[in-house]
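Take a look at the structure below.
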Amino acid sequence: EAQVTQNPRYLITVTGKKLTVTCSQNMNHEYMSWYRQDPGLGLRQIYYSMNVEVTDKGDVPEGYKVSRKEKRNFPLILESPSPNQTSLYFCASGSGRGAWGPAVGELFFGEGSRLTVL
Amino acid sequence: DQQVKQNSPSLSVQEGRISILNCDYTNSMFDYFLWYKKYPAEGPTFLISISSIKDKNEDGRFTVFLNKSAKHLSLHIVPSQPGDSAVYFCAASLNFGNEKLTFGTGTRLTIIP
């Protein structure tokens, strides 16, 4: 089954304690991305990766790091979490830039990771 | 600066009637638009898309209309069903095929049986 898997799904942590949210996809997608969802703000992009070893900042990258050492994995790292990073996080993957077609641009999302930083 | 706006946070529609969800954008360079649907405790799922060379795209009960001059798109669902109750996000991208999507804030649709 094609899917994007995130872990953990729920996490409560304290300010300053480093954490990693893992993301893995089994669709051989080149493109992966992290979003956070906050009330009234919709989905905002944190970081994205067009391919292995290629990452770039999205709209709200402050306080986050990512790495793309393998095609299937794209972990999100919070080196020193703060309460303003309390949010619902989504990882997504897609087929990447390609020929004109109806599926291009379609992202597949994980089920989300709800993070609370106290 | 919110480049993609969904001005209605919520919408309630009677079952069987038409649901119309609206989305406005400010960046005229956006050339590909998508709608995603999200149920509670799940990730968003792709629903329908439209490229800037079209003004309408239809898929079953779902139709998306694009008015480039007004920088406006809408999603029509007809007839509305209880399973359509969800949060709907519109999204836009630059350069067709670039998955760097900019999302709107979402509209919560409730279908009343």
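Letters for chains follow the order of the structure tokens (A, B, ...), residue numbers begin at 1 for each chain, and ligand numbers begin at 1 in the order shown.
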
At a cut-off of 12 Å, which residues of chain B touch chain A? Count only C-alpha atoms and give the answer as JSON, numbers by chain. {"B": [1, 2, 3, 4, 5, 6, 7, 8, 9, 10, 31, 32, 33, 34, 35, 36, 37, 38, 39, 40, 41, 42, 43, 44, 45, 46, 47, 48, 49, 50, 51, 57, 59, 87, 88, 89, 90, 91, 92, 93, 94, 95, 96, 97, 98, 99, 100, 101, 102, 103, 104, 105, 106, 107, 108]}

Using only C-alpha atoms, determine which residues lie at most 6 Å from stretch 20-28 of chain A, disregarding the query and same-chain residues fewer than 6 positions distant; provide the list as a PyMOL selection string. chain A and resi 2-7+72-77

Residue subset to file, keeping N, CA and C atoms, as an mmCIF file, in the first residue's frame:
```
data_model
loop_
_atom_site.group_PDB
_atom_site.id
_atom_site.type_symbol
_atom_site.label_atom_id
_atom_site.label_comp_id
_atom_site.auth_asym_id
_atom_site.auth_seq_id
_atom_site.Cartn_x
_atom_site.Cartn_y
_atom_site.Cartn_z
ATOM 1 N N ALA A 2 0.594 2.153 -0.927
ATOM 2 C CA ALA A 2 1.351 3.396 -1.004
ATOM 3 C C ALA A 2 1.045 4.252 0.217
ATOM 4 N N GLN A 3 2.094 4.684 0.898
ATOM 5 C CA GLN A 3 1.828 5.493 2.075
ATOM 6 C C GLN A 3 3.031 6.320 2.505
ATOM 7 N N VAL A 4 2.711 7.337 3.297
ATOM 8 C CA VAL A 4 3.702 8.158 3.964
ATOM 9 C C VAL A 4 3.510 7.924 5.461
ATOM 10 N N THR A 5 4.571 7.512 6.127
ATOM 11 C CA THR A 5 4.483 7.132 7.538
ATOM 12 C C THR A 5 5.280 8.096 8.390
ATOM 13 N N GLN A 6 4.612 8.645 9.383
ATOM 14 C CA GLN A 6 5.262 9.567 10.317
ATOM 15 C C GLN A 6 5.265 8.957 11.715
ATOM 16 N N ASN A 7 6.347 9.249 12.445
ATOM 17 C CA ASN A 7 6.429 8.850 13.852
ATOM 18 C C ASN A 7 7.235 9.865 14.651
ATOM 19 N N ARG A 72 13.809 7.611 0.559
ATOM 20 C CA ARG A 72 12.549 7.321 1.226
ATOM 21 C C ARG A 72 12.357 8.065 2.546
ATOM 22 N N ASN A 73 13.419 8.596 3.149
ATOM 23 C CA ASN A 73 13.318 9.184 4.483
ATOM 24 C C ASN A 73 13.603 10.682 4.495
ATOM 25 N N PHE A 74 12.846 11.393 5.313
ATOM 26 C CA PHE A 74 13.012 12.849 5.400
ATOM 27 C C PHE A 74 12.663 13.289 6.826
ATOM 28 N N PRO A 75 13.577 13.092 7.767
ATOM 29 C CA PRO A 75 13.278 13.429 9.158
ATOM 30 C C PRO A 75 13.278 14.934 9.411
ATOM 31 N N LEU A 76 12.427 15.340 10.336
ATOM 32 C CA LEU A 76 12.356 16.736 10.775
ATOM 33 C C LEU A 76 12.951 16.807 12.182
ATOM 34 N N ILE A 77 13.925 17.680 12.356
ATOM 35 C CA ILE A 77 14.655 17.766 13.614
ATOM 36 C C ILE A 77 14.383 19.111 14.279
#
```

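Of the listed residues (B:Asn22, B:Gln81, B:Thr110, B:Ser69), B:Ser69 comes nearest to B:Asp55; the distances count only C-alpha atoms.
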
Take atom CA of A:Lys71 and atom CA of A:Glu53 and report the distance between them in Å, one decimal. 8.8 Å

To one decimal in Å, tell me the separation between atom CA of A:Gly63 and atom CA of A:Ile12.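 Separation of atom CA of A:Gly63 and atom CA of A:Ile12: 17.2 Å.
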
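With atom CA of A:Lys69 on one side and atom CA of A:Asn51 on the other, the separation reads 9.3 Å.
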
Restricting the calculation to only C-alpha atoms: of A:Trp34, A:Thr13, A:Ser82, A:His29, which residue gets closest to A:Lys57?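 Checking each of A:Trp34, A:Thr13, A:Ser82, A:His29 against A:Lys57, counting only C-alpha atoms, the winner is A:Trp34.
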
Near-B:Glu58 list (10 Å; only C-alpha atoms; drop same-chain fewer than 2 positions) as a list in words: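 Near B:Glu58, the qualifying residues are Ile48, Ser49, Ile50, Lys56, Gly60, Arg61, Phe62, Thr63, Val64, Phe65, Leu75 and His76 of chain B.
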